[in-house]
$ cat start-v3.cif   # mmCIF, C-alpha atoms
data_entry
#
loop_
_atom_site.group_PDB
_atom_site.id
_atom_site.type_symbol
_atom_site.label_atom_id
_atom_site.label_comp_id
_atom_site.auth_asym_id
_atom_site.auth_seq_id
_atom_site.Cartn_x
_atom_site.Cartn_y
_atom_site.Cartn_z
ATOM 1 C CA MET A 1 20.965 18.326 -18.366
ATOM 2 C CA THR A 2 19.243 15.054 -17.523
ATOM 3 C CA ALA A 3 21.182 11.948 -16.596
ATOM 4 C CA GLU A 4 21.318 8.958 -18.920
ATOM 5 C CA PRO A 5 18.854 6.140 -18.171
ATOM 6 C CA ASP A 6 20.403 3.645 -15.771
ATOM 7 C CA LEU A 7 19.028 0.078 -15.873
ATOM 8 C CA PRO A 8 21.013 -1.193 -12.845
ATOM 9 C CA LEU A 9 19.743 1.755 -10.770
ATOM 10 C CA ALA A 10 16.121 1.225 -11.839
ATOM 11 C CA VAL A 11 16.128 -2.546 -11.204
ATOM 12 C CA THR A 12 18.050 -2.265 -7.928
ATOM 13 C CA GLN A 13 15.620 0.364 -6.638
ATOM 14 C CA LEU A 14 12.715 -1.902 -7.627
ATOM 15 C CA MET A 15 14.318 -4.810 -5.764
ATOM 16 C CA LYS A 16 14.488 -2.626 -2.646
ATOM 17 C CA GLY A 17 10.801 -1.719 -2.800
ATOM 18 C CA VAL A 18 8.339 0.627 -4.449
ATOM 19 C CA VAL A 19 9.783 3.243 -6.816
ATOM 20 C CA TYR A 20 7.923 6.556 -6.569
ATOM 21 C CA ARG A 21 8.048 9.334 -9.133
ATOM 22 C CA ASP A 22 8.254 11.962 -6.390
ATOM 23 C CA THR A 23 11.027 10.375 -4.298
ATOM 24 C CA HIS A 24 13.123 8.316 -6.763
ATOM 25 C CA ASP A 25 13.319 10.722 -9.689
ATOM 26 C CA HIS A 26 16.301 9.250 -11.583
ATOM 27 C CA ALA A 27 15.281 5.610 -10.990
ATOM 28 C CA TRP A 28 11.709 6.457 -12.071
ATOM 29 C CA ARG A 29 12.786 8.124 -15.322
ATOM 30 C CA SER A 30 15.234 5.286 -16.046
ATOM 31 C CA LEU A 31 12.526 2.692 -15.456
ATOM 32 C CA LEU A 32 10.088 4.429 -17.800
ATOM 33 C CA GLU A 33 12.695 4.715 -20.560
ATOM 34 C CA LEU A 34 13.999 1.173 -20.122
ATOM 35 C CA GLN A 35 10.747 -0.689 -19.398
ATOM 36 C CA PRO A 36 11.314 -3.564 -21.868
ATOM 37 C CA GLN A 37 14.842 -4.192 -20.578
ATOM 38 C CA ALA A 38 13.716 -4.014 -16.933
ATOM 39 C CA ARG A 39 10.828 -6.413 -17.613
ATOM 40 C CA ASP A 40 13.139 -8.893 -19.368
ATOM 41 C CA TYR A 41 15.703 -8.653 -16.576
ATOM 42 C CA VAL A 42 13.319 -9.419 -13.696
ATOM 43 C CA ASP A 43 11.317 -11.971 -15.711
ATOM 44 C CA VAL A 44 14.269 -14.366 -15.405
ATOM 45 C CA LEU A 45 13.748 -14.213 -11.628
ATOM 46 C CA GLY A 46 10.029 -14.990 -11.893
ATOM 47 C CA LEU A 47 9.008 -11.375 -11.268
ATOM 48 C CA GLN A 48 6.997 -8.819 -13.198
ATOM 49 C CA VAL A 49 7.213 -5.045 -13.157
ATOM 50 C CA VAL A 50 3.987 -3.198 -12.381
ATOM 51 C CA ILE A 51 4.049 0.481 -13.370
ATOM 52 C CA ASP A 52 1.274 2.984 -12.816
ATOM 53 C CA GLU A 53 2.432 6.117 -14.623
ATOM 54 C CA ALA A 54 -0.718 8.077 -13.778
ATOM 55 C CA GLU A 55 -0.268 7.555 -10.023
ATOM 56 C CA GLY A 56 3.529 7.661 -10.135
ATOM 57 C CA TYR A 57 4.668 4.336 -8.671
ATOM 58 C CA ALA A 58 6.180 1.026 -9.759
ATOM 59 C CA PHE A 59 6.846 -2.218 -7.925
ATOM 60 C CA LEU A 60 7.703 -5.874 -8.476
ATOM 61 C CA ARG A 61 5.156 -8.644 -8.206
ATOM 62 C CA GLN A 62 5.746 -12.388 -8.195
ATOM 63 C CA ARG A 63 4.782 -13.804 -11.585
ATOM 64 C CA PRO A 64 1.834 -16.212 -11.252
ATOM 65 C CA GLY A 65 3.077 -19.776 -11.213
ATOM 66 C CA ASP A 66 2.332 -22.241 -13.980
ATOM 67 C CA PRO A 67 0.291 -25.117 -12.488
ATOM 68 C CA ASP A 68 1.898 -27.516 -15.006
ATOM 69 C CA ASP A 69 5.446 -26.558 -13.974
ATOM 70 C CA SER A 70 7.051 -29.477 -12.128
ATOM 71 C CA ALA A 71 9.815 -27.285 -10.647
ATOM 72 C CA PRO A 72 8.382 -23.828 -9.868
ATOM 73 C CA LEU A 73 10.702 -21.005 -8.874
ATOM 74 C CA PRO A 74 10.809 -20.174 -5.159
ATOM 75 C CA ARG A 75 9.029 -16.969 -4.122
ATOM 76 C CA LEU A 76 11.260 -13.907 -4.001
ATOM 77 C CA ILE A 77 8.466 -11.564 -2.958
ATOM 78 C CA PRO A 78 7.088 -12.885 0.334
ATOM 79 C CA ARG A 79 3.403 -12.814 1.063
ATOM 80 C CA ARG A 80 2.527 -11.029 4.262
ATOM 81 C CA ALA A 81 -0.469 -11.994 6.290
ATOM 82 C CA LEU A 82 -1.975 -8.875 7.785
ATOM 83 C CA SER A 83 -3.879 -8.766 11.015
ATOM 84 C CA PHE A 84 -7.602 -8.144 10.876
ATOM 85 C CA HIS A 85 -7.210 -4.605 12.235
ATOM 86 C CA VAL A 86 -4.415 -3.601 9.840
ATOM 87 C CA SER A 87 -6.475 -4.993 6.944
ATOM 88 C CA LEU A 88 -9.445 -2.987 8.168
ATOM 89 C CA LEU A 89 -7.352 0.194 8.400
ATOM 90 C CA LEU A 90 -6.043 -0.316 4.844
ATOM 91 C CA ALA A 91 -9.570 -0.886 3.541
ATOM 92 C CA LEU A 92 -10.813 2.278 5.245
ATOM 93 C CA LEU A 93 -7.851 4.255 3.900
ATOM 94 C CA ARG A 94 -8.526 2.956 0.388
ATOM 95 C CA LYS A 95 -12.175 3.975 0.644
ATOM 96 C CA LYS A 96 -11.106 7.410 1.891
ATOM 97 C CA LEU A 97 -8.673 7.686 -1.049
ATOM 98 C CA ALA A 98 -11.479 6.852 -3.512
ATOM 99 C CA GLU A 99 -13.712 9.519 -1.939
ATOM 100 C CA PHE A 100 -10.832 11.996 -2.023
ATOM 101 C CA ASP A 101 -10.158 11.276 -5.714
ATOM 102 C CA ALA A 102 -13.856 11.727 -6.519
ATOM 103 C CA GLN A 103 -13.676 15.262 -5.086
ATOM 104 C CA GLY A 104 -10.656 15.962 -7.314
ATOM 105 C CA ALA A 105 -9.327 18.776 -5.150
ATOM 106 C CA ASP A 106 -5.716 17.768 -4.505
ATOM 107 C CA THR A 107 -3.332 14.961 -5.428
ATOM 108 C CA ARG A 108 -2.146 14.051 -1.929
ATOM 109 C CA LEU A 109 -4.506 12.742 0.736
ATOM 110 C CA MET A 110 -3.214 13.829 4.138
ATOM 111 C CA LEU A 111 -4.781 12.439 7.316
ATOM 112 C CA THR A 112 -3.954 12.997 10.952
ATOM 113 C CA ARG A 113 -3.480 10.158 13.400
ATOM 114 C CA ASP A 114 -6.694 11.277 15.121
ATOM 115 C CA GLN A 115 -8.683 11.124 11.860
ATOM 116 C CA MET A 116 -7.461 7.579 11.199
ATOM 117 C CA ALA A 117 -8.141 6.591 14.803
ATOM 118 C CA GLU A 118 -11.747 7.792 14.481
ATOM 119 C CA MET A 119 -12.205 5.829 11.232
ATOM 120 C CA VAL A 120 -11.021 2.605 12.906
ATOM 121 C CA ARG A 121 -12.551 3.166 16.350
ATOM 122 C CA VAL A 122 -16.074 2.603 14.991
ATOM 123 C CA PHE A 123 -15.142 -1.013 14.204
ATOM 124 C CA LEU A 124 -13.256 -1.832 17.414
ATOM 125 C CA PRO A 125 -14.888 -3.405 20.440
ATOM 126 C CA ALA A 126 -15.877 -0.947 23.161
ATOM 127 C CA THR A 127 -13.359 -0.788 25.982
ATOM 128 C CA SER A 128 -12.909 1.161 29.184
ATOM 129 C CA ASN A 129 -9.134 1.312 28.718
ATOM 130 C CA GLU A 130 -8.738 4.286 26.361
ATOM 131 C CA ALA A 131 -4.914 4.307 26.632
ATOM 132 C CA ARG A 132 -4.691 0.681 25.526
ATOM 133 C CA LEU A 133 -7.037 1.343 22.594
ATOM 134 C CA THR A 134 -4.940 4.348 21.526
ATOM 135 C CA ASP A 135 -1.773 2.225 21.669
ATOM 136 C CA GLN A 136 -3.413 -0.464 19.529
ATOM 137 C CA ILE A 137 -4.542 2.048 16.925
ATOM 138 C CA ASP A 138 -1.063 3.612 16.875
ATOM 139 C CA ALA A 139 0.427 0.143 16.313
ATOM 140 C CA HIS A 140 -1.920 -0.429 13.328
ATOM 141 C CA ILE A 141 -1.020 2.972 11.852
ATOM 142 C CA ASN A 142 2.696 2.269 12.351
ATOM 143 C CA LYS A 143 2.336 -1.105 10.612
ATOM 144 C CA ALA A 144 0.599 0.546 7.638
ATOM 145 C CA ALA A 145 3.468 3.059 7.480
ATOM 146 C CA GLU A 146 6.044 0.269 7.747
ATOM 147 C CA LEU A 147 4.379 -1.509 4.816
ATOM 148 C CA GLY A 148 4.632 1.700 2.763
ATOM 149 C CA PHE A 149 0.948 2.607 2.567
ATOM 150 C CA LEU A 150 1.365 5.687 4.778
ATOM 151 C CA ARG A 151 4.200 8.194 4.819
ATOM 152 C CA PRO A 152 4.684 10.511 7.788
ATOM 153 C CA ALA A 153 4.526 14.155 6.742
ATOM 154 C CA LYS A 154 7.648 16.189 7.213
ATOM 155 C CA ASN A 155 7.632 18.337 10.353
ATOM 156 C CA SER A 156 4.600 16.527 11.779
ATOM 157 C CA GLU A 157 4.472 13.314 13.778
ATOM 158 C CA GLN A 158 0.682 13.254 13.683
ATOM 159 C CA THR A 159 0.012 13.685 9.940
ATOM 160 C CA TYR A 160 0.425 11.053 7.234
ATOM 161 C CA GLU A 161 0.150 10.959 3.460
ATOM 162 C CA VAL A 162 -1.878 8.017 2.155
ATOM 163 C CA ARG A 163 0.345 6.559 -0.569
ATOM 164 C CA ARG A 164 -1.328 5.787 -3.871
ATOM 165 C CA ILE A 165 0.314 2.357 -4.030
ATOM 166 C CA LEU A 166 -2.603 1.314 -1.812
ATOM 167 C CA LYS A 167 -4.762 1.326 -4.959
ATOM 168 C CA ALA A 168 -2.722 -1.555 -6.389
ATOM 169 C CA PHE A 169 -3.315 -3.744 -3.352
ATOM 170 C CA VAL A 170 -6.906 -2.841 -2.528
ATOM 171 C CA ASP A 171 -8.481 -2.638 -5.971
ATOM 172 C CA GLY A 172 -11.769 -1.253 -7.244
ATOM 173 C CA GLN A 173 -13.504 -4.642 -7.254
ATOM 174 C CA TRP A 174 -12.600 -5.129 -3.615
ATOM 175 C CA LEU A 175 -13.940 -1.663 -2.832
ATOM 176 C CA ALA A 176 -17.203 -2.501 -4.598
ATOM 177 C CA ASP A 177 -17.654 -5.306 -2.061
ATOM 178 C CA PHE A 178 -16.534 -3.084 0.804
ATOM 179 C CA ASP A 179 -19.936 -2.709 2.488
ATOM 180 C CA THR A 180 -20.385 -6.477 2.480
ATOM 181 C CA ARG A 181 -16.931 -6.918 3.968
ATOM 182 C CA LEU A 182 -17.674 -4.339 6.662
ATOM 183 C CA ALA A 183 -20.790 -6.276 7.613
ATOM 184 C CA GLU A 184 -18.608 -9.406 7.878
ATOM 185 C CA TYR A 185 -16.124 -7.479 10.040
ATOM 186 C CA ALA A 186 -18.918 -6.227 12.285
ATOM 187 C CA ALA A 187 -20.229 -9.795 12.699
ATOM 188 C CA LEU A 188 -16.708 -11.001 13.513
ATOM 189 C CA LEU A 189 -16.282 -8.264 16.111
ATOM 190 C CA ALA A 190 -19.645 -9.081 17.637
ATOM 191 C CA GLY A 191 -18.503 -12.690 17.931
ATOM 192 C CA GLU A 192 -15.237 -11.620 19.635
ATOM 193 C CA GLU A 193 -17.146 -9.495 22.144
ATOM 194 C CA GLN A 194 -19.402 -12.422 23.099
ATOM 195 C CA ALA A 195 -16.457 -14.838 23.521
#

$ encode --input "start-v3.cif" --output "structure tokens"
Amino acid sequence: MTAEPDLPLAVTQLMKGVVYRDTHDHAWRSLLELQPQARDYVDVLGLQVVIDEAEGYAFLRQRPGDPDDSAPLPRLIPRRALSFHVSLLLALLRKKLAEFDAQGADTRLMLTRDQMAEMVRVFLPATSNEARLTDQIDAHINKAAELGFLRPAKNSEQTYEVRRILKAFVDGQWLADFDTRLAEYAALLAGEEQA
């Protein structure tokens, strides 16, 4: 017997963060069944519900402001400025996710800390202090996990699942320009090394 759809549960879970099909089963089903009501409810707050049924996630996004509005609503969803290195890690993870999806083998991309470190290391300035570099890379990976783009695998501190929500924040158009952006990153790093 399945539980009745629960609008307060669905909206409350959305307010707390991303709702995933695989971890928030009841909230997910309620949200799918009560989409119009959930959209109307959060619209009053200046928010919009974004649902990707194929990938199995939903989240709230700040509704774009009306430039003609003399009294815009304050932001409920804060913008977060990411460091260069965390942005780079997310871009590399998104590219890896696109490659993984193109192979079509599995639904969950799992990467070890060492695999992610190797992806990022190519773009970091050369250093003789390997321990410091490892700590920096670990900090970037931890930040990506804190933001919800990586989920540590059960029974393994060194393996992470790349969450599909990343696709909503690093979109296909951005990926199309990825090589150009990497060239910009490389030029920026070269400038940091010379400074």

$ residues_around --input "start-v3.cif" --residues "A:Arg21" --least-positions-apart "3" --cutoff "8 Å" --atoms "only C-alpha atoms" --output "number ranges by chain"
A: 24-25, 28-29, 56-57

$ atom_distance --input "start-v3.cif" --atom1 "atom CA of A:Gly104" --atom2 "atom CA of A:Leu166"
17.6 Å

$ residues_around --input "start-v3.cif" --residues "A:Glu4" --least-positions-apart "5" --cutoff "12 Å" --atoms "all atoms listed in the file" --output "list in words"
Leu9, Ala10, His26, Ala27, Arg29, Ser30, Leu31, Glu33 and Leu34 of chain A

$ residues_around --input "start-v3.cif" --residues "A:Arg94" --least-positions-apart "4" --cutoff "8 Å" --atoms "all atoms listed in the file" --output "CSV table (one decimal) with C-alpha atoms, keeping the file's coordinate frame"
chain,number,residue,atom,x,y,z
A,90,LEU,CA,-6.0,-0.3,4.8
A,98,ALA,CA,-11.5,6.9,-3.5
A,166,LEU,CA,-2.6,1.3,-1.8
A,167,LYS,CA,-4.8,1.3,-5.0
A,170,VAL,CA,-6.9,-2.8,-2.5
A,175,LEU,CA,-13.9,-1.7,-2.8

$ closest_atom_pairs --input "start-v3.cif" --of "stretch 89-185 of chain A" --to "stretch 77-83 of chain A" --cutoff "10 Å" --atoms "all atoms listed in the file" --output "Markdown table"
| residue | atom | partner | partner_atom | distance |
| --- | --- | --- | --- | --- |
| A:Leu89 | CA | A:Ser83 | CA | 10.0 |
| A:Leu90 | CA | A:Leu82 | CA | 9.9 |
| A:His140 | CA | A:Ser83 | CA | 8.9 |
| A:Lys143 | CA | A:Leu82 | CA | 9.3 |
| A:Ala144 | CA | A:Leu82 | CA | 9.8 |
| A:Leu147 | CA | A:Arg80 | CA | 9.7 |

$ closest_residue --input "start-v3.cif" --among "A:Arg108, A:Lys16, A:Lys95, A:Arg132" --to "A:Leu76" --atoms "all atoms listed in the file"
A:Lys16

$ atom_distance --input "start-v3.cif" --atom1 "atom CA of A:Glu146" --atom2 "atom CA of A:Glu184"
26.5 Å

$ atom_distance --input "start-v3.cif" --atom1 "atom CA of A:Leu109" --atom2 "atom CA of A:Ala183"
26.0 Å

$ resolve_selection --input "start-v3.cif" --expression "the PyMOL selection byres ((chain A and resi 43) around 12)" --output "list in words"
Val11, Gln35, Pro36, Gln37, Ala38, Arg39, Asp40, Tyr41, Val42, Val44, Leu45, Gly46, Leu47, Gln48, Val49, Val50, Leu60, Arg61, Gln62, Arg63, Pro64, Leu73 and Leu76 of chain A

$ closest_residue --input "start-v3.cif" --among "A:Leu93, A:Leu150, A:Ala187, A:Ala168" --to "A:Leu124" --atoms "only C-alpha atoms"
A:Ala187

$ closest_residue --input "start-v3.cif" --among "A:Val19, A:Ala91, A:Leu188, A:Ala3" --to "A:Pro125" --atoms "only C-alpha atoms"
A:Leu188

$ closest_residue --input "start-v3.cif" --among "A:Val18, A:Phe149, A:Glu157, A:Asn129" --to "A:Leu97" --atoms "only C-alpha atoms"
A:Phe149

$ closest_residue --input "start-v3.cif" --among "A:Leu133, A:Leu7, A:Ile141, A:Ala58" --to "A:Asp22" --atoms "all atoms listed in the file"
A:Ala58

$ closest_residue --input "start-v3.cif" --among "A:Leu14, A:Phe84, A:Gln158, A:Asn142" --to "A:Gln115" --atoms "all atoms listed in the file"
A:Gln158

$ resolve_selection --input "start-v3.cif" --expression "the PyMOL selection byres ((chain A and resi 161) around 9)" --output "JSON, numbers by chain"
{"A": [108, 109, 110, 111, 112, 149, 150, 151, 152, 153, 159, 160, 162, 163]}

$ axis_aligned_box --input "start-v3.cif" --around "stretch 105-121 of chain A" --padding-each-side "6 Å" --output "lines of an AutoDock Vina configuration file"
center_x = -7.3
center_y = 10.7
center_z = 5.5
size_x = 22.4
size_y = 28.2
size_z = 33.8

$ decode --input "start-v3.cif" --residues "stretch 137-153 of chain A" --atoms "N, CA, C and O atoms" --output "PDB file, in the first residue's frame"
ATOM      1  N   ILE A 137      43.316  19.498  -2.653  1.00  0.00           N
ATOM      2  CA  ILE A 137      42.405  18.725  -3.496  1.00  0.00           C
ATOM      3  C   ILE A 137      41.303  18.104  -2.634  1.00  0.00           C
ATOM      4  O   ILE A 137      40.125  18.127  -3.008  1.00  0.00           O
ATOM      5  N   ASP A 138      41.668  17.579  -1.479  1.00  0.00           N
ATOM      6  CA  ASP A 138      40.666  17.019  -0.560  1.00  0.00           C
ATOM      7  C   ASP A 138      39.653  18.087  -0.150  1.00  0.00           C
ATOM      8  O   ASP A 138      38.451  17.809  -0.049  1.00  0.00           O
ATOM      9  N   ALA A 139      40.127  19.310   0.099  1.00  0.00           N
ATOM     10  CA  ALA A 139      39.226  20.399   0.478  1.00  0.00           C
ATOM     11  C   ALA A 139      38.245  20.711  -0.659  1.00  0.00           C
ATOM     12  O   ALA A 139      37.056  20.947  -0.412  1.00  0.00           O
ATOM     13  N   HIS A 140      38.716  20.682  -1.907  1.00  0.00           N
ATOM     14  CA  HIS A 140      37.841  20.945  -3.061  1.00  0.00           C
ATOM     15  C   HIS A 140      36.798  19.826  -3.202  1.00  0.00           C
ATOM     16  O   HIS A 140      35.619  20.098  -3.461  1.00  0.00           O
ATOM     17  N   ILE A 141      37.227  18.593  -3.016  1.00  0.00           N
ATOM     18  CA  ILE A 141      36.305  17.452  -3.097  1.00  0.00           C
ATOM     19  C   ILE A 141      35.274  17.547  -1.971  1.00  0.00           C
ATOM     20  O   ILE A 141      34.075  17.340  -2.193  1.00  0.00           O
ATOM     21  N   ASN A 142      35.712  17.885  -0.775  1.00  0.00           N
ATOM     22  CA  ASN A 142      34.788  18.023   0.357  1.00  0.00           C
ATOM     23  C   ASN A 142      33.777  19.136   0.116  1.00  0.00           C
ATOM     24  O   ASN A 142      32.603  19.007   0.472  1.00  0.00           O
ATOM     25  N   LYS A 143      34.212  20.230  -0.497  1.00  0.00           N
ATOM     26  CA  LYS A 143      33.294  21.335  -0.798  1.00  0.00           C
ATOM     27  C   LYS A 143      32.254  20.887  -1.815  1.00  0.00           C
ATOM     28  O   LYS A 143      31.070  21.197  -1.687  1.00  0.00           O
ATOM     29  N   ALA A 144      32.674  20.149  -2.841  1.00  0.00           N
ATOM     30  CA  ALA A 144      31.728  19.637  -3.840  1.00  0.00           C
ATOM     31  C   ALA A 144      30.721  18.693  -3.191  1.00  0.00           C
ATOM     32  O   ALA A 144      29.532  18.707  -3.534  1.00  0.00           O
ATOM     33  N   ALA A 145      31.170  17.900  -2.221  1.00  0.00           N
ATOM     34  CA  ALA A 145      30.262  17.005  -1.497  1.00  0.00           C
ATOM     35  C   ALA A 145      29.310  17.812  -0.623  1.00  0.00           C
ATOM     36  O   ALA A 145      28.103  17.521  -0.555  1.00  0.00           O
ATOM     37  N   GLU A 146      29.837  18.835   0.032  1.00  0.00           N
ATOM     38  CA  GLU A 146      29.015  19.695   0.889  1.00  0.00           C
ATOM     39  C   GLU A 146      27.917  20.382   0.076  1.00  0.00           C
ATOM     40  O   GLU A 146      26.793  20.561   0.548  1.00  0.00           O
ATOM     41  N   LEU A 147      28.232  20.768  -1.145  1.00  0.00           N
ATOM     42  CA  LEU A 147      27.258  21.420  -2.020  1.00  0.00           C
ATOM     43  C   LEU A 147      26.255  20.430  -2.615  1.00  0.00           C
ATOM     44  O   LEU A 147      25.296  20.834  -3.263  1.00  0.00           O
ATOM     45  N   GLY A 148      26.492  19.137  -2.441  1.00  0.00           N
ATOM     46  CA  GLY A 148      25.549  18.123  -2.905  1.00  0.00           C
ATOM     47  C   GLY A 148      25.840  17.559  -4.278  1.00  0.00           C
ATOM     48  O   GLY A 148      25.026  16.806  -4.825  1.00  0.00           O
ATOM     49  N   PHE A 149      26.986  17.877  -4.854  1.00  0.00           N
ATOM     50  CA  PHE A 149      27.320  17.361  -6.178  1.00  0.00           C
ATOM     51  C   PHE A 149      28.023  16.011  -6.118  1.00  0.00           C
ATOM     52  O   PHE A 149      28.099  15.301  -7.110  1.00  0.00           O
ATOM     53  N   LEU A 150      28.549  15.668  -4.962  1.00  0.00           N
ATOM     54  CA  LEU A 150      29.173  14.358  -4.727  1.00  0.00           C
ATOM     55  C   LEU A 150      28.545  13.756  -3.485  1.00  0.00           C
ATOM     56  O   LEU A 150      28.224  14.472  -2.538  1.00  0.00           O
ATOM     57  N   ARG A 151      28.394  12.436  -3.506  1.00  0.00           N
ATOM     58  CA  ARG A 151      27.894  11.741  -2.311  1.00  0.00           C
ATOM     59  C   ARG A 151      28.861  10.610  -1.999  1.00  0.00           C
ATOM     60  O   ARG A 151      29.123   9.755  -2.864  1.00  0.00           O
ATOM     61  N   PRO A 152      29.413  10.620  -0.765  1.00  0.00           N
ATOM     62  CA  PRO A 152      30.319   9.528  -0.402  1.00  0.00           C
ATOM     63  C   PRO A 152      29.598   8.179  -0.487  1.00  0.00           C
ATOM     64  O   PRO A 152      28.443   8.058  -0.091  1.00  0.00           O
ATOM     65  N   ALA A 153      30.276   7.199  -1.029  1.00  0.00           N
ATOM     66  CA  ALA A 153      29.707   5.854  -1.128  1.00  0.00           C
ATOM     67  C   ALA A 153      29.695   5.220   0.250  1.00  0.00           C
ATOM     68  O   ALA A 153      30.579   5.469   1.074  1.00  0.00           O
TER      69      ALA A 153
END
